[in-house]
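Enquirer: The structure's right below; bear with me while I get my questions together.
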Amino acid sequence: MKFSRVLYKLLFVVVGFVFTSSNSIGQSLSGYVVNEQAEPIPYVNIYVRQLSSGTTTDENGYYYLAMDPGEYDIVISSIGYDTQNALVKVNDNDTANFELISSDYELDEITIKASKKDPAYEIIRNVIEHKKKYQSQIQTFKCEVYVKALEEIEEEKKKTNSEKEAKAREREEKKKKRENNQSVVEDHNDPNSELERKKAEEMAKLNLLEMQLTLNFESPENYKEIRTAYKVYGSKDGLYVPRFDDADFDFYDNMVTMREITETPIVSPVSRTAILSYKYKLVASNNENGQLVHKIRVLPRKSGNSTVKGHIFINDELWNINRVDFDMPKGSMKLFDELNIKLEYEEIENNIWIPTEQRLSYFTKVGKKKKFEGVTELRYSDFELNYKFPERFFGAEVSSITQEAYDRDSTYWNEHRPVELSSQEKKLVFYKDSLEAIYNSKEYKDSIQAAFNKIELIEILWQGMGFRNHERKESFFLTSIPQLINFDIIGGFRFGPWTSYFRRFENGKTYRTSNNFSIGEKNKDLIGRTYHNFGYDPFHLGEINFVADRSFRTINPNDAILNYFKSFNYYLRTNVGVGHRRELFNGFYLFTGVDWSNRRDISHLDRTTGIEQLFGEEEPFTFEPYNIFVSRVDLSFTPFQKYSREPNRKVILGSKWPTFSVMHRKGWEGLLGSTVDFDYLEFEIYQDLILGVFGNSKYRLLVGDFINTKSLPFIDVKRFRQSDPFIYLEPLHNFQVLDTNLVTTSPFIEFHYIHHFNGALVNNIPLIKKTRIGVVAGGGFLYESENNYRHQEIFAGLERVFKLGPRRRMRLGVYGVLAESNYSNLKTEYKFSIDIIDTWKRDWSF
């Protein structure tokens, strides 16, 4: 918690600097107000005695005041918290952040006043008073969990005349059979029959997943899932299947985090400041199995990305949650259009209530006629409270599954499934099981393989030729005739094939290779590449790489886009390299590699292609041919990295801590004719910070230096990418307004930062809020000691997410950038970006 609070305060400083400089004209004071847990407090009164006026924080705890320089007495007050007085000195655009301490007295007072309107407020106050008791009841537990996720795809099709005629003929045939007292018999074994075709179409619109696991939990946040059975019927791509930390929707917390679902946390309707965010109405009070339960309607006081609406059910006298039924705010969801959460609590022991059922219903619409509806249910049973776990039971591994769990058949599920499937689900399971038996038969696999391996004219002329062997789990690909023709910046057209091969072994190890060569039409020169990768330890990500190639390489591999079209940026390299990568222990990775290369310039080659007339041309960089032998060692460590164990591999889930990396690159004189002698050392820190309603931040710090430059080729110096006009570059590795290709052989420091507010700051502006436009800000800094060069820039922009498909999202952004250096005056430029979401990670590239 202390570490999180430090990060919050660091964010306050950075964000305050960016936005006070961009939001104001003249002087101002701004910042955030949080509670003891570093959670934002909405609607806090900020009163300035000297001005006899003030403002309030928004739902994300942010405030802004325009004021002249001077000293001011600030009074910070909110219902449920002790009032704080502060003396603040305003010089320019300053930041002041405040932390308030909870006070039960003021909360009681305001709730009693509100309860005169509706008894729901008094009930909610009682829940808030008692929630600490229910949060700390259980320190450890162990239970069984059954997960079922179903997706149904609906697509409205306009019937064509031929379809209508076919339907009419079908009805006529059935009518004749009935008249002749004949039964309608369909051949269920004929996959080409009309009935089977319709059934296949119907079943293709359904996807189902079932999973059983043992959940182990230790307060406050240690958990471990042991998955004992897992079955997918159809595709799992659109199904929401959470791990425990993504499904632990604890509404007793002031803020409910749903990282997989929403961009921002949700203000709980029973948080300490809930009365400021929600309105309540008692709908009914009913006796349920001897327990009086109050049904309370919950409505946000104003729409936003951090509040829910629906109903909460409260147990009378116990003053705890019986169940909830909430609709999530639409504007903050990552992949769904609509989502509803239902939680049901059950008394496990005397006055110990635990969620035993969760139901998430989600909906996405693509276009006007295609809908994706899903339901994910989690059922918890067989609780063992205060279970004593062995020492070091909890750690980095938060989930595990064996091959046996994947291989559970229908017999197992029929015996162990805790709830009965619906008739629709039963049909899907029966249909998929029957197909699975066919699909897994050797005869079927052989027939599919024979069809796939058959060479067709379209493959030769366009698609390329693929070959498979299902028994050896291998595949091979060869180019088509048009793919033999390539184009290169140096010399134009080239002719030659490329191939690829992949094999997966029974133990999860893999081997892959790709190979190509081509002959230039103008220079009759031969270039090519062969690459081989052997994944020998999939669980520890162990792999060995070998590459040999002769190719045209860019002198600056991270150059501005236009320079890639100019031949002066290229040289000819003949190279052989070997590399090895492996995780030595959890989160600690080692990469080692060596490369030998012969380098020569391209001045002897015909470089004309016609492109130089469009982009201009300069004489190529010339030098005497030389050999270079280089070694590289990379060390990377992410503390407390979480992961999930699969039968033959591990899935990295990330960490709350930064990733620390060190890289050493050395040129060795004398080895295999190498004429270079240099050492380059680099240190990097990278972190992705999830900061609740404040949004999320990413930063990258890089420090490097050549500690030996005895014989350092120009190609190997450190380079900083020149910015492109109008294009917003990936902000953690590039600057937006760096107007030169900067090179150095001396110490440097580079820093990049970006923050997405995820609805903060604009939620109180109704027109902008409805557009679902988000705000982003950040900046970069560079200092290079060789030329005493300093560059800094800040940017702010607007971004909006657009739907490309049921799970594909595209984010468009426009940005304004302010930059200056000690070699140039202040500049302003405008940029745009396009980003596509990673559906596997459910995250953006920046």
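Ordered as shown in the structure tokens, chains take letters A, B, and onward, while each chain numbers its residues from 1 and ligands are numbered from 1 in the order shown.
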Extract the full set of strand (DSSP E) residues from region 541-761 of chain A according to DSSP on the backbone, and format it as a VMD selection string.
Expert: chain A and resid 542 to 554 570 to 585 588 to 600 626 to 637 642 to 645 650 to 654 659 to 667 677 to 690 696 to 711 718 to 720 742 to 744 748 to 756
Enquirer: Contacts of region 746-753 of chain A at 6 Å or less, counting only C-alpha atoms, minus same-chain residues fewer than 6 places along, as a list in words?
Expert: Lys698, Tyr699, Arg700, Leu701, Leu702, Val703, Gly704, Asp705, Phe706, Leu732, Gly778, Gly779, Gly780, Phe781, Leu782, Tyr783, Glu784, Ser785 and Glu786 of chain A
Enquirer: Let me make sure I understand: among A:Phe552, A:Leu738, A:Ile490, A:Ser711, which one has the smallest atom-to-atom distance to Lys827 (chain A) if we use only C-alpha atoms?
Expert: A:Leu738
Enquirer: Give me the region 642-684 of chain A side of the contact with region 538-546 of chain A, cut-off 6 Å, one line per residue showing its nearest atom pair and distance in Å at one decimal, counting only C-alpha atoms, sorted by chain and residue number, as a tab-separated table.
Expert:
```
residue	atom	partner	partner_atom	distance
A:Asn648	CA	A:Phe539	CA	6.0
A:Arg649	CA	A:Phe539	CA	3.8
A:Lys650	CA	A:Phe539	CA	5.0
```
Enquirer: Residues within 6 Å of Val630 (chain A), please, as an mmCIF file with C-alpha atoms, in the first residue's frame. Count only C-alpha atoms; anything in the same chain fewer than 6 positions from it doesn't count.
Expert:
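Here's the written file selection_15.cif:
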```cif
data_model
loop_
_atom_site.group_PDB
_atom_site.id
_atom_site.type_symbol
_atom_site.label_atom_id
_atom_site.label_comp_id
_atom_site.auth_asym_id
_atom_site.auth_seq_id
_atom_site.Cartn_x
_atom_site.Cartn_y
_atom_site.Cartn_z
ATOM 1 C CA VAL A 594 27.302 -13.363 -31.005
ATOM 2 C CA ASP A 595 27.358 -12.047 -34.568
ATOM 3 C CA LYS A 666 31.020 -5.452 -27.236
ATOM 4 C CA GLY A 667 33.029 -5.401 -30.457
#
```
Enquirer: For Ser219 (chain A), list every protein, DNA or RNA residue within 12 Å, evaluated using only C-alpha atoms, and leave out those in the same chain fewer than 2 positions away; present the list as a list in words.
Expert: Gln135, Ser136, Gln137, Ile138, Gln139, Thr140, Phe141, Lys142, Asn216, Phe217, Glu221, Asn222, Tyr223, Leu385, Asn386, Tyr387 and Phe394 of chain A
Enquirer: Can you write out the residues you just picked, keeping N, CA and C atoms, as a PDB file, in the first residue's frame?
Expert:
```pdb
ATOM      1  N   GLN A 135     -15.532  -7.358   5.771  1.00  0.00           N
ATOM      2  CA  GLN A 135     -14.308  -7.426   4.967  1.00  0.00           C
ATOM      3  C   GLN A 135     -13.221  -8.245   5.641  1.00  0.00           C
ATOM      4  N   SER A 136     -13.227  -8.280   6.976  1.00  0.00           N
ATOM      5  CA  SER A 136     -12.140  -8.938   7.709  1.00  0.00           C
ATOM      6  C   SER A 136     -12.559 -10.248   8.357  1.00  0.00           C
ATOM      7  N   GLN A 137     -13.735 -10.778   7.997  1.00  0.00           N
ATOM      8  CA  GLN A 137     -14.214 -12.002   8.623  1.00  0.00           C
ATOM      9  C   GLN A 137     -13.340 -13.215   8.295  1.00  0.00           C
ATOM     10  N   ILE A 138     -12.906 -13.299   7.055  1.00  0.00           N
ATOM     11  CA  ILE A 138     -12.220 -14.508   6.587  1.00  0.00           C
ATOM     12  C   ILE A 138     -10.797 -14.158   6.188  1.00  0.00           C
ATOM     13  N   GLN A 139      -9.841 -14.850   6.761  1.00  0.00           N
ATOM     14  CA  GLN A 139      -8.441 -14.651   6.422  1.00  0.00           C
ATOM     15  C   GLN A 139      -7.993 -15.602   5.320  1.00  0.00           C
ATOM     16  N   THR A 140      -8.493 -16.826   5.340  1.00  0.00           N
ATOM     17  CA  THR A 140      -8.157 -17.808   4.305  1.00  0.00           C
ATOM     18  C   THR A 140      -9.381 -18.669   4.019  1.00  0.00           C
ATOM     19  N   PHE A 141      -9.440 -19.189   2.810  1.00  0.00           N
ATOM     20  CA  PHE A 141     -10.459 -20.190   2.492  1.00  0.00           C
ATOM     21  C   PHE A 141     -10.033 -20.999   1.274  1.00  0.00           C
ATOM     22  N   LYS A 142     -10.700 -22.128   1.114  1.00  0.00           N
ATOM     23  CA  LYS A 142     -10.506 -23.008  -0.032  1.00  0.00           C
ATOM     24  C   LYS A 142     -11.882 -23.451  -0.486  1.00  0.00           C
ATOM     25  N   ASN A 216      -7.856 -21.285  -3.945  1.00  0.00           N
ATOM     26  CA  ASN A 216      -7.213 -21.113  -2.646  1.00  0.00           C
ATOM     27  C   ASN A 216      -6.961 -19.629  -2.442  1.00  0.00           C
ATOM     28  N   PHE A 217      -7.339 -19.107  -1.285  1.00  0.00           N
ATOM     29  CA  PHE A 217      -7.252 -17.663  -1.056  1.00  0.00           C
ATOM     30  C   PHE A 217      -6.700 -17.373   0.331  1.00  0.00           C
ATOM     31  N   GLU A 221      -4.676 -10.516  -0.713  1.00  0.00           N
ATOM     32  CA  GLU A 221      -4.785 -10.664  -2.163  1.00  0.00           C
ATOM     33  C   GLU A 221      -4.040 -11.868  -2.731  1.00  0.00           C
ATOM     34  N   ASN A 222      -3.591 -12.793  -1.881  1.00  0.00           N
ATOM     35  CA  ASN A 222      -2.938 -13.995  -2.393  1.00  0.00           C
ATOM     36  C   ASN A 222      -3.979 -15.009  -2.845  1.00  0.00           C
ATOM     37  N   TYR A 223      -3.779 -15.585  -4.002  1.00  0.00           N
ATOM     38  CA  TYR A 223      -4.685 -16.621  -4.477  1.00  0.00           C
ATOM     39  C   TYR A 223      -3.943 -17.576  -5.400  1.00  0.00           C
ATOM     40  N   LEU A 385     -13.394 -22.725   5.398  1.00  0.00           N
ATOM     41  CA  LEU A 385     -12.978 -21.424   5.906  1.00  0.00           C
ATOM     42  C   LEU A 385     -11.776 -21.554   6.830  1.00  0.00           C
ATOM     43  N   ASN A 386     -10.969 -20.482   6.842  1.00  0.00           N
ATOM     44  CA  ASN A 386      -9.763 -20.429   7.674  1.00  0.00           C
ATOM     45  C   ASN A 386      -8.891 -21.667   7.459  1.00  0.00           C
ATOM     46  N   TYR A 387      -8.739 -22.021   6.214  1.00  0.00           N
ATOM     47  CA  TYR A 387      -7.936 -23.188   5.830  1.00  0.00           C
ATOM     48  C   TYR A 387      -6.456 -22.885   6.062  1.00  0.00           C
ATOM     49  N   PHE A 394       1.548 -19.858  -1.543  1.00  0.00           N
ATOM     50  CA  PHE A 394       1.215 -18.774  -2.471  1.00  0.00           C
ATOM     51  C   PHE A 394       2.497 -18.120  -2.958  1.00  0.00           C
TER      52      PHE A 394
END
```
Enquirer: Give me, as a PyMOL selection string, all polymer residues having an atom no more than 8 Å from Arg599 (chain A), counting only C-alpha atoms and skipping those fewer than 2 positions away in the same chain.
Expert: chain A and resi 571-574+597+601+625-628
Enquirer: Take CA of Lys148 (chain A) and CA of Arg197 (chain A) and report the distance between them in Å, one decimal.
Expert: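 Distance reported for this atom pair: 27.1 Å.
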Enquirer: Can you work out the spacing between CA of Lys302 (chain A) and CA of Ser277 (chain A) in Å, to one decimal?
Expert: 7.6 Å
Enquirer: Report, in Å with one decimal, the straight-line distance from CA of Asn696 (chain A) to CA of Val776 (chain A).
Expert: 9.9 Å
Enquirer: Using only C-alpha atoms, which of the listed residues (A:Arg125, A:Arg772, A:His416, A:Arg665) sits closest to Thr228 (chain A)?
Expert: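 Answer, going by the shortest atom-to-atom distance: A:His416.
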Enquirer: Of the candidates A:Lys132, A:Lys330, A:Lys803, A:His664, which shows the shortest atom-to-atom distance to Thr307 (chain A), using only C-alpha atoms?
Expert: A:Lys330
Enquirer: Find the residues around region 428-431 of chain A up to 9 Å (only C-alpha atoms counted), leave out those fewer than 4 positions away in its own chain, and share them as a PDB file with C-alpha atoms, in the first residue's frame.
Expert:
```
ATOM      1  CA  LYS A 199     -27.779 -27.776 -37.684  1.00  0.00           C
ATOM      2  CA  ALA A 200     -24.183 -26.866 -38.502  1.00  0.00           C
ATOM      3  CA  MET A 203     -24.323 -24.659 -33.822  1.00  0.00           C
ATOM      4  CA  LEU A 206     -22.884 -20.888 -30.283  1.00  0.00           C
ATOM      5  CA  ASN A 207     -19.672 -21.110 -28.262  1.00  0.00           C
ATOM      6  CA  LEU A 208     -19.435 -22.696 -24.835  1.00  0.00           C
ATOM      7  CA  TYR A 233     -17.153 -26.252 -27.499  1.00  0.00           C
ATOM      8  CA  GLY A 234     -16.514 -23.985 -30.483  1.00  0.00           C
ATOM      9  CA  SER A 410     -18.209 -36.078 -21.789  1.00  0.00           C
ATOM     10  CA  SER A 423     -31.563 -27.658 -23.745  1.00  0.00           C
ATOM     11  CA  GLN A 424     -29.698 -25.393 -26.154  1.00  0.00           C
ATOM     12  CA  LEU A 435     -18.009 -33.968 -34.384  1.00  0.00           C
ATOM     13  CA  GLU A 436     -14.970 -34.214 -32.120  1.00  0.00           C
TER      14      GLU A 436
END
```
Enquirer: Taking only C-alpha atoms into account, name the residue in A:Asp248, A:Phe694, A:Ile124, A:Glu347 that is nearest to Lys295 (chain A).
Expert: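 Of the candidates, the smallest distance to Lys295 (chain A) is held by A:Ile124.
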Enquirer: Given only C-alpha atoms as the basis, pick out the residue of A:Val419, A:Tyr280, A:Tyr830, A:Val693 nearest to Tyr32 (chain A).
Expert: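 Once distances to Tyr32 (chain A) are computed over only C-alpha atoms, the minimum belongs to A:Val693.
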Enquirer: Near region 813-818 of chain A, counting only C-alpha atoms, which residues have an atom at most 9 Å away, once you skip same-chain residues fewer than 3 positions from it, shown as a tab-separated table (two decimals) with N, CA, C and O atoms, in the first residue's frame?
Expert:
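Result saved to selection.tsv:
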```
chain	number	residue	atom	x	y	z
A	728	TYR	N	2.21	10.60	-35.14
A	728	TYR	CA	2.51	10.44	-33.73
A	728	TYR	C	3.17	9.08	-33.55
A	728	TYR	O	2.56	8.03	-33.77
A	736	GLN	N	8.50	13.10	-30.43
A	736	GLN	CA	7.55	13.54	-31.44
A	736	GLN	C	8.05	14.73	-32.26
A	736	GLN	O	7.62	14.93	-33.39
A	737	VAL	N	8.97	15.53	-31.69
A	737	VAL	CA	9.44	16.72	-32.39
A	737	VAL	C	10.97	16.80	-32.30
A	737	VAL	O	11.54	17.81	-31.93
A	776	VAL	N	-5.29	12.27	-23.17
A	776	VAL	CA	-3.97	11.67	-22.94
A	776	VAL	C	-2.96	12.80	-22.83
A	776	VAL	O	-3.11	13.86	-23.46
A	777	ALA	N	-1.94	12.59	-22.01
A	777	ALA	CA	-0.89	13.59	-21.86
A	777	ALA	C	0.42	12.90	-21.53
A	777	ALA	O	0.44	11.74	-21.10
A	779	GLY	N	5.09	13.30	-22.02
A	779	GLY	CA	6.23	14.07	-22.47
A	779	GLY	C	7.48	13.23	-22.57
A	779	GLY	O	7.46	12.02	-22.35
A	792	GLN	N	13.42	18.63	-24.72
A	792	GLN	CA	12.26	18.25	-23.89
A	792	GLN	C	10.98	18.60	-24.63
A	792	GLN	O	10.95	19.55	-25.41
A	793	GLU	N	9.97	17.82	-24.36
A	793	GLU	CA	8.68	18.04	-25.01
A	793	GLU	C	7.56	17.55	-24.12
A	793	GLU	O	7.74	16.62	-23.31
A	794	ILE	N	6.42	18.19	-24.22
A	794	ILE	CA	5.20	17.72	-23.57
A	794	ILE	C	4.11	17.68	-24.63
A	794	ILE	O	4.16	18.40	-25.63
A	795	PHE	N	3.15	16.78	-24.42
A	795	PHE	CA	2.05	16.68	-25.38
A	795	PHE	C	0.76	16.40	-24.65
A	795	PHE	O	0.74	15.88	-23.52
A	796	ALA	N	-0.32	16.76	-25.28
A	796	ALA	CA	-1.66	16.44	-24.81
A	796	ALA	C	-2.52	16.15	-26.04
A	796	ALA	O	-2.30	16.74	-27.10
A	797	GLY	N	-3.46	15.25	-25.89
A	797	GLY	CA	-4.26	14.89	-27.05
A	797	GLY	C	-5.60	14.32	-26.70
A	797	GLY	O	-5.93	14.09	-25.53
A	798	LEU	N	-6.39	14.10	-27.72
A	798	LEU	CA	-7.71	13.48	-27.60
A	798	LEU	C	-7.71	12.19	-28.40
A	798	LEU	O	-7.19	12.13	-29.51
A	799	GLU	N	-8.31	11.15	-27.82
A	799	GLU	CA	-8.38	9.84	-28.47
A	799	GLU	C	-9.80	9.31	-28.39
A	799	GLU	O	-10.52	9.57	-27.42
A	800	ARG	N	-10.14	8.53	-29.42
A	800	ARG	CA	-11.45	7.87	-29.40
A	800	ARG	C	-11.32	6.47	-29.96
A	800	ARG	O	-10.59	6.25	-30.94
A	801	VAL	N	-12.05	5.55	-29.35
A	801	VAL	CA	-12.01	4.15	-29.76
A	801	VAL	C	-13.18	3.87	-30.69
A	801	VAL	O	-14.33	4.27	-30.42
A	826	LEU	N	11.08	27.27	-29.03
A	826	LEU	CA	9.87	26.52	-28.76
A	826	LEU	C	9.12	26.23	-30.06
A	826	LEU	O	8.91	27.13	-30.88
A	827	LYS	N	8.72	24.98	-30.24
A	827	LYS	CA	7.99	24.57	-31.44
A	827	LYS	C	6.65	23.96	-31.04
A	827	LYS	O	6.51	23.35	-29.99
A	828	THR	N	5.69	24.11	-31.92
A	828	THR	CA	4.39	23.48	-31.75
A	828	THR	C	4.07	22.67	-32.99
A	828	THR	O	4.14	23.20	-34.11
A	829	GLU	N	3.74	21.41	-32.82
A	829	GLU	CA	3.35	20.56	-33.94
A	829	GLU	C	2.12	19.75	-33.57
A	829	GLU	O	1.85	19.51	-32.39
A	830	TYR	N	1.39	19.31	-34.61
A	830	TYR	CA	0.19	18.52	-34.41
A	830	TYR	C	0.36	17.16	-35.09
A	830	TYR	O	0.89	17.08	-36.20
A	831	LYS	N	-0.07	16.11	-34.40
A	831	LYS	CA	0.17	14.75	-34.87
A	831	LYS	C	-1.12	13.94	-34.80
A	831	LYS	O	-2.09	14.32	-34.12
A	832	PHE	N	-1.12	12.80	-35.51
A	832	PHE	CA	-2.25	11.87	-35.41
A	832	PHE	C	-1.70	10.45	-35.28
A	832	PHE	O	-0.56	10.16	-35.68
A	833	SER	N	-2.50	9.55	-34.72
A	833	SER	CA	-2.06	8.16	-34.54
A	833	SER	C	-3.21	7.20	-34.78
A	833	SER	O	-4.39	7.57	-34.67
A	834	ILE	N	-2.86	5.96	-35.11
A	834	ILE	CA	-3.80	4.85	-35.24
A	834	ILE	C	-3.24	3.68	-34.45
A	834	ILE	O	-2.07	3.32	-34.62
A	835	ASP	N	-4.05	3.12	-33.57
A	835	ASP	CA	-3.61	1.98	-32.76
A	835	ASP	C	-4.70	0.92	-32.77
A	835	ASP	O	-5.89	1.25	-32.72
```
